[in-house]
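Asker: Okay, here's the structure, questions in a sec.
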Amino acid sequence: MPFIHDPSDSAPMTSIVRVSVIVVTLALFVGSTFHAMIGQRDLAILFALATPLGISAWGYSRAGHNEAALVLLCVVMVTLVTMVLILSPLGVHDVVITAYGGIVAFSSLLLSRKRFYALAAFTMVAGSTAFLLDLNGLTRSRIGALSTWPGFPEFLVIVTIFAVVGRYSAERLMGSLEDLQRVSSGDPVTGLANRAGFLRSAGARLKAIGQQSNAVLVLVDVDAFRRMNAVIGHRAGDGVLKEVATRMQQVSGEHLAARIGDDEFAVLAAGAGEGADAEAFARSIHRTLQFDYSGVSVRTSVGYARFPRDATGIDSLLLAADGSLTRAKDHENEASRFAGPADRI
């Protein structure tokens with residue numbers, strides 16, 4: 001499956017996600033300690049088991065997948081609340097509305113539409129399950145008077161209001177967070193990440209894999225693109241860029257792909273950064289990006305650099321790959337328009 005740019009990978013979103021992960025993880029740890037102290041061993045074990053899942057969300061965020069981290073965090077919280085409500089002797093009525101409503105409101109402000117709808121449906125099913133089990137006497141509730149059948153539709157209505165109002169606020173009053181993030185980090189023509197989005201995601205990925213693993217950065221330049229625009233028109237020129245992006249995604253798969261300039265693209269691939277593997281990956285992209293479009297022969301120049309052999313950070317890796325790209329465009333390399341990093345002395 002081709003890599004699809006994650007619009008949630010922005011600096012403000014990263015801060016929100018990481019603060020949320022820290023708060024939730026600490027809350028789970030405190031909850032486990034508290035229930036252990038008051039003798040509720042089942043709940044203490046439940047909170048303890050959920051704590052590592054909260055920590056796992058931090059890994060998603062560090063890798064640049066903020067929305068995946070949020071989804072994991074919300075799913076963990078919904079599951080935890082459901083199990084607590086079933087095992088708790090305090091009933092479920094008011095706690096259901098408060099806990100589930102808060103989770104839905106939080107997710108409505110930060111998740112994309114598709115993932116928010118899926119999480120809202122999951123929350124409603126989980127909450128309804130806990131509520132119905134309590135009404136039928138299948139939980140440990142000792143306060144049956146607080147859980148009555150008229151309270152069930154009340155729960156559904158209130159949680160729905162939380163979801164609708166939260167989503168309306170996000171998309172109508174503040175504008176769609178998903179659209180705003182895409183504008184700031186995505187390229188509107190190709191649908192790939194733009195330069196700013198690529199630098200953030202690539203930096204996070206290199207930091208996540210560390211220098212014990214390998215990666216390769218491939219830079220692609222569409223030759224004579226300005227002249228091409230003048231010959232076939234800007235609309236057809238945009239079609240060329242879209243075709244380049246599509247072909248590049250087909251080769252790069254789930255690796256990070258981006259349009260980082262008017263006619264320049266980049267692919268960062270982890271696990272293909274050493275020796276022949278790096279060159280083979282870069283050449284496969286180069287071969288794919290030689291094609292005809294609207295009667296025009298599209299040709300590209302390609303250069304690449306390896307991590308950590310040629311550079312140990314995204315900025316220096318870009319410089320190394322750009323040096324390879326410059327050599328690929330030199331007259332002596334004109335036949336192949338392909339070059340790798342120069343050997344260091």
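We name chains A, B, ... following the order of the structure tokens; residues begin at 1 in each chain, and ligands are numbered from 1 as shown.
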Would you kindly return, as a ChimeraX atom specification, each protein, DNA or RNA residue with an atom no farther than 8 Å from any atom of range 317-322 of chain A, considering only C-alpha atoms and excluding same-chain residues fewer than 4 positions away?
Answerer: /A:217-219,303-307,310-313,326,340-341
Asker: Please dump the current selection as an mmCIF file, in the first residue's frame; keep N, CA, C and O atoms.
Answerer:
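Here's the written file part-v4.cif:
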data_model
loop_
_atom_site.group_PDB
_atom_site.id
_atom_site.type_symbol
_atom_site.label_atom_id
_atom_site.label_comp_id
_atom_site.auth_asym_id
_atom_site.auth_seq_id
_atom_site.Cartn_x
_atom_site.Cartn_y
_atom_site.Cartn_z
ATOM 1 N N LEU A 217 18.013 8.234 1.313
ATOM 2 C CA LEU A 217 17.227 9.376 0.851
ATOM 3 C C LEU A 217 17.468 9.553 -0.636
ATOM 4 O O LEU A 217 18.614 9.729 -1.076
ATOM 5 N N VAL A 218 16.403 9.496 -1.424
ATOM 6 C CA VAL A 218 16.492 9.630 -2.873
ATOM 7 C C VAL A 218 15.853 10.948 -3.271
ATOM 8 O O VAL A 218 14.709 11.237 -2.898
ATOM 9 N N LEU A 219 16.581 11.766 -4.015
ATOM 10 C CA LEU A 219 16.064 13.028 -4.540
ATOM 11 C C LEU A 219 15.830 12.885 -6.035
ATOM 12 O O LEU A 219 16.666 12.329 -6.755
ATOM 13 N N GLY A 303 19.489 11.441 -7.527
ATOM 14 C CA GLY A 303 20.660 11.302 -6.674
ATOM 15 C C GLY A 303 20.236 10.757 -5.322
ATOM 16 O O GLY A 303 19.084 10.935 -4.917
ATOM 17 N N TYR A 304 21.155 10.113 -4.626
ATOM 18 C CA TYR A 304 20.775 9.537 -3.335
ATOM 19 C C TYR A 304 21.921 9.643 -2.337
ATOM 20 O O TYR A 304 23.087 9.857 -2.701
ATOM 21 N N ALA A 305 21.564 9.505 -1.066
ATOM 22 C CA ALA A 305 22.549 9.471 0.018
ATOM 23 C C ALA A 305 22.077 8.490 1.072
ATOM 24 O O ALA A 305 20.873 8.229 1.191
ATOM 25 N N ARG A 306 23.025 7.938 1.847
ATOM 26 C CA ARG A 306 22.713 6.878 2.803
ATOM 27 C C ARG A 306 22.853 7.378 4.240
ATOM 28 O O ARG A 306 23.733 8.171 4.545
ATOM 29 N N PHE A 307 21.976 6.870 5.078
ATOM 30 C CA PHE A 307 22.012 7.163 6.518
ATOM 31 C C PHE A 307 22.377 5.873 7.263
ATOM 32 O O PHE A 307 21.824 4.819 6.966
ATOM 33 N N ASP A 310 26.537 8.441 5.066
ATOM 34 C CA ASP A 310 26.864 9.717 4.444
ATOM 35 C C ASP A 310 26.471 10.918 5.291
ATOM 36 O O ASP A 310 27.031 12.006 5.119
ATOM 37 N N ALA A 311 25.518 10.752 6.190
ATOM 38 C CA ALA A 311 25.077 11.840 7.056
ATOM 39 C C ALA A 311 24.253 11.247 8.187
ATOM 40 O O ALA A 311 23.674 10.162 8.051
ATOM 41 N N THR A 312 24.186 11.981 9.308
ATOM 42 C CA THR A 312 23.500 11.453 10.492
ATOM 43 C C THR A 312 22.269 12.266 10.893
ATOM 44 O O THR A 312 21.686 12.017 11.944
ATOM 45 N N GLY A 313 21.852 13.221 10.090
ATOM 46 C CA GLY A 313 20.650 14.023 10.359
ATOM 47 C C GLY A 313 19.959 14.337 9.066
ATOM 48 O O GLY A 313 20.557 14.245 7.977
ATOM 49 N N THR A 326 23.192 16.912 -8.026
ATOM 50 C CA THR A 326 23.939 17.863 -8.850
ATOM 51 C C THR A 326 24.874 17.137 -9.803
ATOM 52 O O THR A 326 24.977 17.481 -10.991
ATOM 53 N N GLY A 340 25.271 8.516 -7.238
ATOM 54 C CA GLY A 340 25.238 8.263 -5.807
ATOM 55 C C GLY A 340 26.204 9.166 -5.083
ATOM 56 O O GLY A 340 26.850 10.026 -5.705
ATOM 57 N N PRO A 341 26.327 9.012 -3.788
ATOM 58 C CA PRO A 341 27.240 9.867 -3.021
ATOM 59 C C PRO A 341 28.688 9.616 -3.387
ATOM 60 O O PRO A 341 29.079 8.490 -3.685
#
Asker: Per DSSP on the backbone, what are the helix (DSSP H, G or I) residues of range 263-313 of chain A, as a list in words?
Answerer: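 Here is the list: Gly275, Ala276, Asp277, Ala278, Glu279, Ala280, Phe281, Ala282, Arg283, Ser284, Ile285, His286, Arg287 and Thr288 of chain A.
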Asker: What would the file look like if the residues just selected were written as an mmCIF file, in the first residue's frame with C-alpha atoms?
Answerer:
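Listed below is the output, again.cif:
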data_model
loop_
_atom_site.group_PDB
_atom_site.id
_atom_site.type_symbol
_atom_site.label_atom_id
_atom_site.label_comp_id
_atom_site.auth_asym_id
_atom_site.auth_seq_id
_atom_site.Cartn_x
_atom_site.Cartn_y
_atom_site.Cartn_z
ATOM 1 C CA GLY A 275 25.596 -0.753 -0.316
ATOM 2 C CA ALA A 276 23.843 -2.311 -3.283
ATOM 3 C CA ASP A 277 20.411 -2.154 -1.648
ATOM 4 C CA ALA A 278 20.475 1.639 -1.535
ATOM 5 C CA GLU A 279 21.585 1.953 -5.144
ATOM 6 C CA ALA A 280 19.077 -0.650 -6.350
ATOM 7 C CA PHE A 281 16.225 1.180 -4.625
ATOM 8 C CA ALA A 282 17.279 4.531 -6.094
ATOM 9 C CA ARG A 283 17.668 3.031 -9.592
ATOM 10 C CA SER A 284 14.203 1.458 -9.414
ATOM 11 C CA ILE A 285 12.754 4.923 -8.808
ATOM 12 C CA HIS A 286 14.856 6.373 -11.623
ATOM 13 C CA ARG A 287 13.673 3.755 -14.136
ATOM 14 C CA THR A 288 10.027 4.242 -13.195
#
Asker: Within 10 Å of range 11-26 of chain A, counting only C-alpha atoms, which residues qualify if same-chain residues fewer than 2 places away don't, as a ChimeraX atom specification?
Answerer: /A:7-9,28-32,47-48,50-62,64-67,69-70,73-74,76-77,110,177,181,197,200
Asker: So which residues of range 230-325 of chain A fall under strand (DSSP E or B) by DSSP, listed as a PyMOL selection string?
Answerer: chain A and resi 256-259+264-270+291-293+296-298+300-307
Asker: For the atom pair CA of Met228 in chain A and CA of Met248 in chain A, what is the interatomic distance in Å to one decimal place?
Answerer: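 Separating CA of Met228 in chain A from CA of Met248 in chain A is a distance of 19.5 Å.
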Asker: Tell me which protein, DNA and RNA residues are within 9 Å of range 117-127 of chain A, counting only C-alpha atoms, leaving out same-chain ones fewer than 5 positions away, and put them as a CSV table (one decimal) with N, CA, C and O atoms, in the first residue's frame.
Answerer:
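Below is the file that was written, selection.csv:
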chain,number,residue,atom,x,y,z
A,71,VAL,N,-5.5,7.7,18.3
A,71,VAL,CA,-6.5,6.6,18.1
A,71,VAL,C,-6.2,5.5,19.2
A,71,VAL,O,-7.1,5.0,19.9
A,74,CYS,N,-7.1,6.7,22.6
A,74,CYS,CA,-8.6,6.8,22.9
A,74,CYS,C,-9.2,5.4,23.0
A,74,CYS,O,-10.0,5.1,23.8
A,75,VAL,N,-8.7,4.4,22.2
A,75,VAL,CA,-9.2,3.1,22.2
A,75,VAL,C,-8.8,2.4,23.6
A,75,VAL,O,-9.6,1.8,24.2
A,78,VAL,N,-11.2,4.0,26.2
A,78,VAL,CA,-12.6,3.5,26.1
A,78,VAL,C,-12.7,2.1,26.6
A,78,VAL,O,-13.6,1.7,27.4
A,79,THR,N,-11.7,1.2,26.3
A,79,THR,CA,-11.7,-0.2,26.8
A,79,THR,C,-11.5,-0.2,28.3
A,79,THR,O,-12.2,-1.0,29.0
A,81,VAL,N,-12.3,2.2,30.5
A,81,VAL,CA,-13.5,2.7,31.1
A,81,VAL,C,-14.6,1.6,31.1
A,81,VAL,O,-15.2,1.4,32.1
A,82,THR,N,-14.7,0.9,30.0
A,82,THR,CA,-15.7,-0.1,29.9
A,82,THR,C,-15.5,-1.2,31.0
A,82,THR,O,-16.4,-1.6,31.7
A,96,VAL,N,-20.5,6.7,33.1
A,96,VAL,CA,-20.5,6.5,31.7
A,96,VAL,C,-20.6,7.8,30.9
A,96,VAL,O,-19.8,8.0,30.0
A,97,ILE,N,-21.5,8.7,31.3
A,97,ILE,CA,-21.7,9.9,30.6
A,97,ILE,C,-20.5,10.8,30.6
A,97,ILE,O,-20.0,11.3,29.6
A,100,TYR,N,-17.2,8.6,28.8
A,100,TYR,CA,-17.3,8.4,27.4
A,100,TYR,C,-17.5,9.8,26.7
A,100,TYR,O,-17.0,10.0,25.6
A,103,ILE,N,-14.1,11.4,26.3
A,103,ILE,CA,-13.3,10.8,25.2
A,103,ILE,C,-13.8,11.2,23.8
A,103,ILE,O,-13.0,11.5,22.9
A,104,VAL,N,-15.1,11.2,23.6
A,104,VAL,CA,-15.7,11.5,22.3
A,104,VAL,C,-15.4,13.0,22.0
A,104,VAL,O,-15.0,13.4,20.9
A,107,SER,N,-11.6,13.4,21.1
A,107,SER,CA,-11.3,12.8,19.7
A,107,SER,C,-12.0,13.6,18.6
A,107,SER,O,-11.4,13.8,17.5
A,108,SER,N,-13.1,14.3,18.9
A,108,SER,CA,-13.8,15.1,17.9
A,108,SER,C,-13.0,16.3,17.5
A,108,SER,O,-13.1,16.8,16.3
A,112,SER,N,-9.2,12.9,12.3
A,112,SER,CA,-9.8,13.1,11.0
A,112,SER,C,-11.2,12.6,11.1
A,112,SER,O,-11.6,11.8,11.9
A,132,LEU,N,-26.0,-1.8,29.5
A,132,LEU,CA,-26.9,-2.9,29.4
A,132,LEU,C,-26.6,-4.0,30.4
A,132,LEU,O,-27.4,-4.7,31.0
A,155,PHE,N,-28.2,8.5,28.1
A,155,PHE,CA,-26.8,8.3,27.9
A,155,PHE,C,-26.5,8.5,26.4
A,155,PHE,O,-25.6,9.2,26.0
A,156,LEU,N,-27.3,7.8,25.5
A,156,LEU,CA,-27.0,7.9,24.1
A,156,LEU,C,-27.2,9.3,23.6
A,156,LEU,O,-26.3,9.8,22.8
A,159,VAL,N,-24.1,11.6,24.9
A,159,VAL,CA,-22.8,11.3,24.3
A,159,VAL,C,-22.9,11.8,22.8
A,159,VAL,O,-21.9,12.3,22.3
A,160,THR,N,-24.0,11.6,22.1
A,160,THR,CA,-24.2,12.1,20.8
A,160,THR,C,-24.0,13.6,20.7
A,160,THR,O,-23.4,14.1,19.8
A,163,ALA,N,-20.5,14.5,20.8
A,163,ALA,CA,-19.8,14.2,19.5
A,163,ALA,C,-20.1,15.3,18.5
A,163,ALA,O,-19.3,15.8,17.8
Asker: Residues within 9 Å of Leu87 in chain A, please, as a PyMOL selection string. Count only C-alpha atoms; anything in the same chain fewer than 6 positions from it doesn't count.
Answerer: chain A and resi 42-43+139-141
Asker: Given the selection you just returned, output its residues as a file containing N, CA, C and O atoms, formatted as a PDB file, in the first residue's frame.
Answerer:
ATOM      1  N   ASP A  42      -8.470  -6.282  41.251  1.00  0.00           N
ATOM      2  CA  ASP A  42      -8.832  -6.434  39.841  1.00  0.00           C
ATOM      3  C   ASP A  42      -8.637  -5.129  39.079  1.00  0.00           C
ATOM      4  O   ASP A  42      -8.075  -5.103  37.975  1.00  0.00           O
ATOM      5  N   LEU A  43      -9.102  -4.028  39.670  1.00  0.00           N
ATOM      6  CA  LEU A  43      -8.963  -2.729  39.017  1.00  0.00           C
ATOM      7  C   LEU A  43      -7.497  -2.293  38.981  1.00  0.00           C
ATOM      8  O   LEU A  43      -7.050  -1.677  38.007  1.00  0.00           O
ATOM      9  N   THR A 139     -23.049  -6.910  36.270  1.00  0.00           N
ATOM     10  CA  THR A 139     -21.838  -6.248  36.719  1.00  0.00           C
ATOM     11  C   THR A 139     -21.747  -6.352  38.242  1.00  0.00           C
ATOM     12  O   THR A 139     -22.618  -6.931  38.893  1.00  0.00           O
ATOM     13  N   ARG A 140     -20.722  -5.727  38.808  1.00  0.00           N
ATOM     14  CA  ARG A 140     -20.536  -5.744  40.255  1.00  0.00           C
ATOM     15  C   ARG A 140     -21.186  -4.539  40.941  1.00  0.00           C
ATOM     16  O   ARG A 140     -20.904  -4.271  42.096  1.00  0.00           O
ATOM     17  N   SER A 141     -22.023  -3.823  40.218  1.00  0.00           N
ATOM     18  CA  SER A 141     -22.637  -2.618  40.775  1.00  0.00           C
ATOM     19  C   SER A 141     -23.466  -2.937  42.013  1.00  0.00           C
ATOM     20  O   SER A 141     -24.257  -3.867  42.032  1.00  0.00           O
TER      21      SER A 141
END
Asker: Show me, as a PDB file with all heavy atoms, in the first residue's frame, the residues that have an atom within 7 Å of Val302 in chain A when counting only C-alpha atoms, minus same-chain residues fewer than 6 positions from it.
Answerer:
ATOM      1  N   VAL A 218      16.403   9.496  -1.424  1.00  0.00           N
ATOM      2  CA  VAL A 218      16.492   9.630  -2.873  1.00  0.00           C
ATOM      3  C   VAL A 218      15.853  10.948  -3.271  1.00  0.00           C
ATOM      4  O   VAL A 218      14.709  11.237  -2.898  1.00  0.00           O
ATOM      5  CB  VAL A 218      15.770   8.466  -3.580  1.00  0.00           C
ATOM      6  CG1 VAL A 218      15.886   8.615  -5.101  1.00  0.00           C
ATOM      7  CG2 VAL A 218      16.334   7.130  -3.128  1.00  0.00           C
ATOM      8  N   LEU A 219      16.581  11.766  -4.015  1.00  0.00           N
ATOM      9  CA  LEU A 219      16.064  13.028  -4.540  1.00  0.00           C
ATOM     10  C   LEU A 219      15.830  12.885  -6.035  1.00  0.00           C
ATOM     11  O   LEU A 219      16.666  12.329  -6.755  1.00  0.00           O
ATOM     12  CB  LEU A 219      17.034  14.179  -4.271  1.00  0.00           C
ATOM     13  CG  LEU A 219      17.229  14.602  -2.819  1.00  0.00           C
ATOM     14  CD1 LEU A 219      18.113  15.846  -2.743  1.00  0.00           C
ATOM     15  CD2 LEU A 219      15.894  14.878  -2.142  1.00  0.00           C
ATOM     16  N   VAL A 220      14.697  13.404  -6.491  1.00  0.00           N
ATOM     17  CA  VAL A 220      14.303  13.312  -7.901  1.00  0.00           C
ATOM     18  C   VAL A 220      14.030  14.709  -8.428  1.00  0.00           C
ATOM     19  O   VAL A 220      13.305  15.493  -7.792  1.00  0.00           O
ATOM     20  CB  VAL A 220      13.034  12.443  -8.068  1.00  0.00           C
ATOM     21  CG1 VAL A 220      12.585  12.431  -9.526  1.00  0.00           C
ATOM     22  CG2 VAL A 220      13.268  11.035  -7.559  1.00  0.00           C
ATOM     23  N   ASP A 221      14.614  15.041  -9.575  1.00  0.00           N
ATOM     24  CA  ASP A 221      14.360  16.324 -10.226  1.00  0.00           C
ATOM     25  C   ASP A 221      13.790  16.077 -11.619  1.00  0.00           C
ATOM     26  O   ASP A 221      14.372  15.312 -12.403  1.00  0.00           O
ATOM     27  CB  ASP A 221      15.655  17.135 -10.322  1.00  0.00           C
ATOM     28  CG  ASP A 221      15.427  18.523 -10.895  1.00  0.00           C
ATOM     29  OD1 ASP A 221      15.118  19.444 -10.113  1.00  0.00           O
ATOM     30  OD2 ASP A 221      15.546  18.685 -12.123  1.00  0.00           O
ATOM     31  N   HIS A 286      14.414   5.688 -10.412  1.00  0.00           N
ATOM     32  CA  HIS A 286      14.856   6.373 -11.623  1.00  0.00           C
ATOM     33  C   HIS A 286      14.254   5.752 -12.878  1.00  0.00           C
ATOM     34  O   HIS A 286      13.777   6.458 -13.781  1.00  0.00           O
ATOM     35  CB  HIS A 286      16.385   6.328 -11.696  1.00  0.00           C
ATOM     36  CG  HIS A 286      16.965   7.125 -12.811  1.00  0.00           C
ATOM     37  ND1 HIS A 286      17.699   6.571 -13.832  1.00  0.00           N
ATOM     38  CD2 HIS A 286      16.887   8.459 -13.089  1.00  0.00           C
ATOM     39  CE1 HIS A 286      18.076   7.510 -14.675  1.00  0.00           C
ATOM     40  NE2 HIS A 286      17.600   8.659 -14.257  1.00  0.00           N
ATOM     41  N   LEU A 325      22.574  14.603  -6.593  1.00  0.00           N
ATOM     42  CA  LEU A 325      21.669  15.052  -7.652  1.00  0.00           C
ATOM     43  C   LEU A 325      22.365  16.041  -8.579  1.00  0.00           C
ATOM     44  O   LEU A 325      22.167  16.000  -9.809  1.00  0.00           O
ATOM     45  CB  LEU A 325      20.425  15.691  -7.029  1.00  0.00           C
ATOM     46  CG  LEU A 325      19.341  16.157  -7.988  1.00  0.00           C
ATOM     47  CD1 LEU A 325      18.799  14.993  -8.820  1.00  0.00           C
ATOM     48  CD2 LEU A 325      18.194  16.827  -7.216  1.00  0.00           C
ATOM     49  N   ALA A 328      24.439  14.121 -10.878  1.00  0.00           N
ATOM     50  CA  ALA A 328      23.611  13.413 -11.857  1.00  0.00           C
ATOM     51  C   ALA A 328      23.216  14.329 -13.010  1.00  0.00           C
ATOM     52  O   ALA A 328      23.036  13.869 -14.147  1.00  0.00           O
ATOM     53  CB  ALA A 328      22.362  12.864 -11.175  1.00  0.00           C
ATOM     54  N   ARG A 337      21.854  10.308 -16.036  1.00  0.00           N
ATOM     55  CA  ARG A 337      21.185  11.222 -15.108  1.00  0.00           C
ATOM     56  C   ARG A 337      20.958  10.542 -13.746  1.00  0.00           C
ATOM     57  O   ARG A 337      19.906  10.700 -13.130  1.00  0.00           O
ATOM     58  CB  ARG A 337      19.845  11.694 -15.688  1.00  0.00           C
ATOM     59  CG  ARG A 337      19.974  12.585 -16.895  1.00  0.00           C
ATOM     60  CD  ARG A 337      20.364  13.980 -16.477  1.00  0.00           C
ATOM     61  NE  ARG A 337      20.398  14.919 -17.583  1.00  0.00           N
ATOM     62  CZ  ARG A 337      20.519  16.235 -17.456  1.00  0.00           C
ATOM     63  NH1 ARG A 337      20.618  16.761 -16.259  1.00  0.00           N
ATOM     64  NH2 ARG A 337      20.547  17.017 -18.508  1.00  0.00           N
ATOM     65  N   PHE A 338      21.967   9.810 -13.296  1.00  0.00           N
ATOM     66  CA  PHE A 338      21.848   9.105 -12.020  1.00  0.00           C
ATOM     67  C   PHE A 338      23.214   9.140 -11.352  1.00  0.00           C
ATOM     68  O   PHE A 338      24.245   8.911 -12.005  1.00  0.00           O
ATOM     69  CB  PHE A 338      21.414   7.651 -12.238  1.00  0.00           C
ATOM     70  CG  PHE A 338      21.318   6.850 -10.968  1.00  0.00           C
ATOM     71  CD1 PHE A 338      20.137   6.802 -10.253  1.00  0.00           C
ATOM     72  CD2 PHE A 338      22.422   6.144 -10.488  1.00  0.00           C
ATOM     73  CE1 PHE A 338      20.060   6.066  -9.071  1.00  0.00           C
ATOM     74  CE2 PHE A 338      22.354   5.414  -9.323  1.00  0.00           C
ATOM     75  CZ  PHE A 338      21.160   5.361  -8.603  1.00  0.00           C
ATOM     76  N   ALA A 339      23.221   9.424 -10.029  1.00  0.00           N
ATOM     77  CA  ALA A 339      24.489   9.457  -9.316  1.00  0.00           C
ATOM     78  C   ALA A 339      24.265   9.172  -7.844  1.00  0.00           C
ATOM     79  O   ALA A 339      23.214   9.491  -7.272  1.00  0.00           O
ATOM     80  CB  ALA A 339      25.185  10.823  -9.477  1.00  0.00           C
TER      81      ALA A 339
END
Asker: Considering only C-alpha atoms, return as a ChimeraX atom specification whatever protein or nucleic-acid residues lie within 9 Å of Tyr293 in chain A, sequence-local ones (same chain, fewer than 5 positions apart) excluded.
Answerer: /A:236,239-240,243,298
Asker: So how far away is CA of Ala105 in chain A from CA of Gly166 in chain A, in Å?
Answerer: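 Atom-to-atom, CA of Gly166 in chain A and CA of Ala105 in chain A are spaced 5.3 Å apart.
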